[in-house]
file input.cif (mmCIF, C-alpha atoms)
data_upload
loop_
_atom_site.label_atom_id
_atom_site.label_comp_id
_atom_site.auth_asym_id
_atom_site.auth_seq_id
_atom_site.Cartn_x
_atom_site.Cartn_y
_atom_site.Cartn_z
CA MET A 99 0.00 0.00 0.00
CA ILE A 100 1.24 3.46 -0.89
CA GLU A 101 -0.14 6.50 0.92
CA ILE A 102 -0.53 9.40 -1.49
CA PRO A 103 0.63 12.61 0.19
CA LEU A 104 -2.11 15.24 0.22
CA ASN A 105 -1.67 18.91 0.97
CA LYS A 106 -3.97 19.52 3.93
CA ASP A 107 -4.01 23.28 3.33
CA GLY A 108 -5.05 23.15 -0.31
CA GLY A 109 -8.55 24.46 0.15
CA ALA A 110 -11.50 23.19 -1.86
CA TRP A 111 -9.44 22.51 -5.00
CA ARG A 112 -6.17 20.55 -4.87
CA THR A 113 -3.98 19.14 -7.62
CA LEU A 114 -1.04 16.77 -7.42
CA SER A 115 0.95 14.36 -9.53
CA VAL A 116 2.26 11.05 -8.21
CA ASN A 117 4.11 8.08 -9.65
CA ILE A 118 2.38 4.82 -8.82
CA SER A 119 4.08 1.62 -9.94
CA GLY A 120 5.69 3.43 -12.87
CA VAL A 121 2.49 5.25 -13.90
CA SER A 122 2.36 9.03 -13.64
CA LEU A 123 -1.05 9.89 -12.21
CA SER A 124 -2.51 13.40 -12.11
CA ILE A 125 -5.09 13.90 -9.37
CA ARG A 126 -7.45 16.83 -8.96
CA LEU A 127 -9.48 16.86 -5.75
CA LEU A 128 -12.59 19.02 -5.56
CA TRP A 129 -14.80 19.74 -2.56
CA ASN A 130 -18.49 19.97 -3.38
CA GLY A 131 -19.99 22.13 -0.66
CA ARG A 132 -23.58 21.51 -1.74
CA ASP A 133 -23.49 17.81 -0.92
CA ALA A 134 -20.43 17.92 1.42
CA HIS A 135 -18.24 15.36 -0.38
CA TRP A 136 -14.82 15.23 -2.00
CA PHE A 137 -14.60 14.24 -5.67
CA ALA A 138 -11.56 13.33 -7.77
CA ASP A 139 -10.56 13.56 -11.40
CA LEU A 140 -7.76 11.10 -12.22
CA GLU A 141 -5.68 10.97 -15.38
CA SER A 142 -2.73 8.93 -16.67
CA VAL A 143 -1.43 7.88 -20.07
CA ASP A 144 -3.83 4.91 -19.86
CA GLY A 145 -6.94 7.09 -19.61
CA LYS A 146 -9.08 9.31 -17.44
CA ASN A 147 -11.65 8.84 -14.68
CA SER A 148 -13.68 11.93 -13.80
CA GLY A 149 -16.11 12.74 -11.01
CA ILE A 150 -15.16 9.92 -8.64
CA ARG A 151 -16.75 10.49 -5.24
CA LEU A 152 -14.34 9.70 -2.40
CA VAL A 153 -15.97 7.03 -0.26
CA VAL A 154 -14.14 5.51 2.71
CA ASN A 155 -13.15 1.80 2.53
CA THR A 156 -14.33 1.49 -1.07
CA PRO A 157 -12.12 0.87 -4.12
CA LEU A 158 -12.69 4.08 -6.06
CA LEU A 159 -12.03 2.65 -9.52
CA ALA A 160 -13.72 -0.74 -9.13
CA TYR A 161 -16.51 0.13 -11.56
CA LYS A 162 -14.40 1.46 -14.41
CA ASN A 163 -10.62 1.79 -14.06
CA ARG A 164 -9.21 3.74 -16.98
CA CYS A 165 -6.09 5.18 -15.37
CA LEU A 166 -4.34 2.47 -13.30
CA ASN A 167 -3.41 -1.07 -14.22
CA GLY A 168 -3.26 -3.71 -11.51
CA GLY A 169 -4.51 -1.74 -8.55
CA ASP A 170 -6.97 0.78 -7.19
CA LEU A 171 -7.29 3.81 -4.95
CA VAL A 172 -9.02 3.71 -1.59
CA VAL A 173 -9.65 6.26 1.17
CA LEU A 174 -8.83 4.82 4.59
CA LYS A 175 -9.19 6.14 8.12
CA LYS A 176 -5.71 6.96 9.43
CA ARG A 177 -6.69 7.60 13.03
CA LEU A 178 -8.92 4.90 14.44
CA ASP A 179 -10.07 7.19 17.25
CA CYS A 180 -11.53 9.66 14.73
CA ARG A 181 -15.31 9.69 15.01
CA ASP A 182 -15.89 12.34 12.34
CA PRO A 183 -16.93 11.30 8.82
CA LEU A 184 -14.74 12.23 5.87
CA GLY A 185 -15.18 15.95 5.39
CA PHE A 186 -13.55 19.13 4.14
CA ASP A 187 -11.03 19.50 6.98
CA ASN A 188 -9.84 15.94 7.58
CA LEU A 189 -8.78 14.59 4.16
CA GLY A 190 -5.03 14.11 4.45
CA SER A 191 -5.00 13.99 8.24
CA ASP A 192 -7.68 11.67 9.66
CA TYR A 193 -8.31 10.08 6.25
CA THR A 194 -5.71 9.22 3.62
CA LEU A 195 -5.81 8.40 -0.08
CA ASN A 196 -3.93 5.16 -0.78
CA TYR A 197 -2.93 3.02 -3.73
CA ILE A 198 -3.45 -0.70 -3.20
CA ASP A 199 -2.29 -3.44 -5.55
CA GLU A 200 -4.38 -6.45 -6.56
CA SER A 201 -3.32 -8.69 -3.66
CA GLU A 202 -4.06 -5.91 -1.16
CA MET A 203 -7.47 -5.38 -2.79
CA GLU A 204 -8.34 -9.02 -2.10
CA HIS A 205 -7.32 -8.56 1.54
CA LEU A 206 -9.39 -5.34 1.80
CA TYR A 207 -12.47 -7.17 0.47
CA GLU A 208 -11.93 -9.95 3.04
CA VAL A 209 -11.61 -7.48 5.92
CA LEU A 210 -14.67 -5.50 4.84
CA ALA A 211 -16.72 -8.69 4.43
CA ALA A 212 -15.70 -9.84 7.92
CA LYS A 213 -16.81 -6.48 9.37
CA GLY A 214 -20.08 -6.62 7.47
CA ALA A 215 -19.29 -3.39 5.58
#
call {"tool": "encode", "arguments": {"input": "input.cif", "output": "C-alpha cells"}}
result
Amino acid sequence: MIEIPLNKDGGAWRTLSVNISGVSLSIRLLWNGRDAHWFADLESVDGKNSGIRLVVNTPLLAYKNRCLNGGDLVVLKKRLDCRDPLGFDNLGSDYTLNYIDESEMEHLYEVLAAKGA
C-alpha cells in the first residue's frame, strides 16, 4: 500500500501528480460544498476517470478503471479514534488516499466482508 501525500491546506481545490508503480497519475481533488463530499478527477497515459466520489473503505475505480493497471485507490481512516466522517477539513489527516495493488485489494475485500461493511 502506498499513501498518497495530500496537501492539507489546499482548500477546496487541490492538484497533485504522483508516480504509482511506474504510472504518472494526475489527481485533482474538488470539494463539493452543496453535498459535502470530496470528488476526484484522475488521469494517466492509460486514460481518465472523472467525477469519482471519495468514499471511505471502497475501491474508487472498481466500476471502471481507466487510469491504473493492476490496482486501485481507496480512502482509509488513518486515526482509528476519529469519530468524524470524511469531510472538508480531515482529508489528508484523519483520512488518507492510498494506492493498493491487486493482492491488497483481495485482503481489503476480506476485511470489509468480515466487518459486514
call {"tool": "residues_around", "arguments": {"input": "input.cif", "residues": "Ser122 in chain A", "least_positions_apart": "2", "cutoff": "12 Å", "atoms": "all atoms listed in the file", "output": "list in words"}}
result
Leu114, Ser115, Val116, Asn117, Ile118, Ser119, Gly120, Ser124, Ile125, Leu140, Glu141, Ser142, Val143, Asp144, Gly145, Cys165, Leu166 and Asn167 of chain A
call {"tool": "write_last_selection", "arguments": {"input": "input.cif", "atoms": "C-alpha atoms", "output": "PDB file, keeping the file's coordinate frame"}}
result
ATOM      1  CA  LEU A 114      -1.040  16.770  -7.420  1.00  0.00           C
ATOM      2  CA  SER A 115       0.950  14.360  -9.530  1.00  0.00           C
ATOM      3  CA  VAL A 116       2.260  11.050  -8.210  1.00  0.00           C
ATOM      4  CA  ASN A 117       4.110   8.080  -9.650  1.00  0.00           C
ATOM      5  CA  ILE A 118       2.380   4.820  -8.820  1.00  0.00           C
ATOM      6  CA  SER A 119       4.080   1.620  -9.940  1.00  0.00           C
ATOM      7  CA  GLY A 120       5.690   3.430 -12.870  1.00  0.00           C
ATOM      8  CA  SER A 124      -2.510  13.400 -12.110  1.00  0.00           C
ATOM      9  CA  ILE A 125      -5.090  13.900  -9.370  1.00  0.00           C
ATOM     10  CA  LEU A 140      -7.760  11.100 -12.220  1.00  0.00           C
ATOM     11  CA  GLU A 141      -5.680  10.970 -15.380  1.00  0.00           C
ATOM     12  CA  SER A 142      -2.730   8.930 -16.670  1.00  0.00           C
ATOM     13  CA  VAL A 143      -1.430   7.880 -20.070  1.00  0.00           C
ATOM     14  CA  ASP A 144      -3.830   4.910 -19.860  1.00  0.00           C
ATOM     15  CA  GLY A 145      -6.940   7.090 -19.610  1.00  0.00           C
ATOM     16  CA  CYS A 165      -6.090   5.180 -15.370  1.00  0.00           C
ATOM     17  CA  LEU A 166      -4.340   2.470 -13.300  1.00  0.00           C
ATOM     18  CA  ASN A 167      -3.410  -1.070 -14.220  1.00  0.00           C
TER      19      ASN A 167
END
call {"tool": "resolve_selection", "arguments": {"input": "input.cif", "expression": "the PyMOL selection byres ((chain A and resi 202) around 12)", "output": "MDAnalysis selection string"}}
result
chainID A and resid 99:100 157 168:172 196:201 203:209
call {"tool": "closest_residue", "arguments": {"input": "input.cif", "among": "A:Asn163, A:Thr113, A:Thr156, A:Asn105", "to": "Asp187 in chain A", "atoms": "only C-alpha atoms"}}
result
A:Asn105
call {"tool": "closest_residue", "arguments": {"input": "input.cif", "among": "A:Asp107, A:Cys180, A:Tyr193, A:Arg151", "to": "Asp133 in chain A", "atoms": "only C-alpha atoms"}}
result
A:Arg151
call {"tool": "closest_residue", "arguments": {"input": "input.cif", "among": "A:Trp111, A:Ala211, A:Pro183, A:Val154", "to": "Asp139 in chain A", "atoms": "all atoms listed in the file"}}
result
A:Trp111
call {"tool": "residues_around", "arguments": {"input": "input.cif", "residues": "Asp192 in chain A", "least_positions_apart": "3", "cutoff": "8 Å", "atoms": "all atoms listed in the file", "output": "ChimeraX atom specification"}}
result
/A:175-177,180,188-189
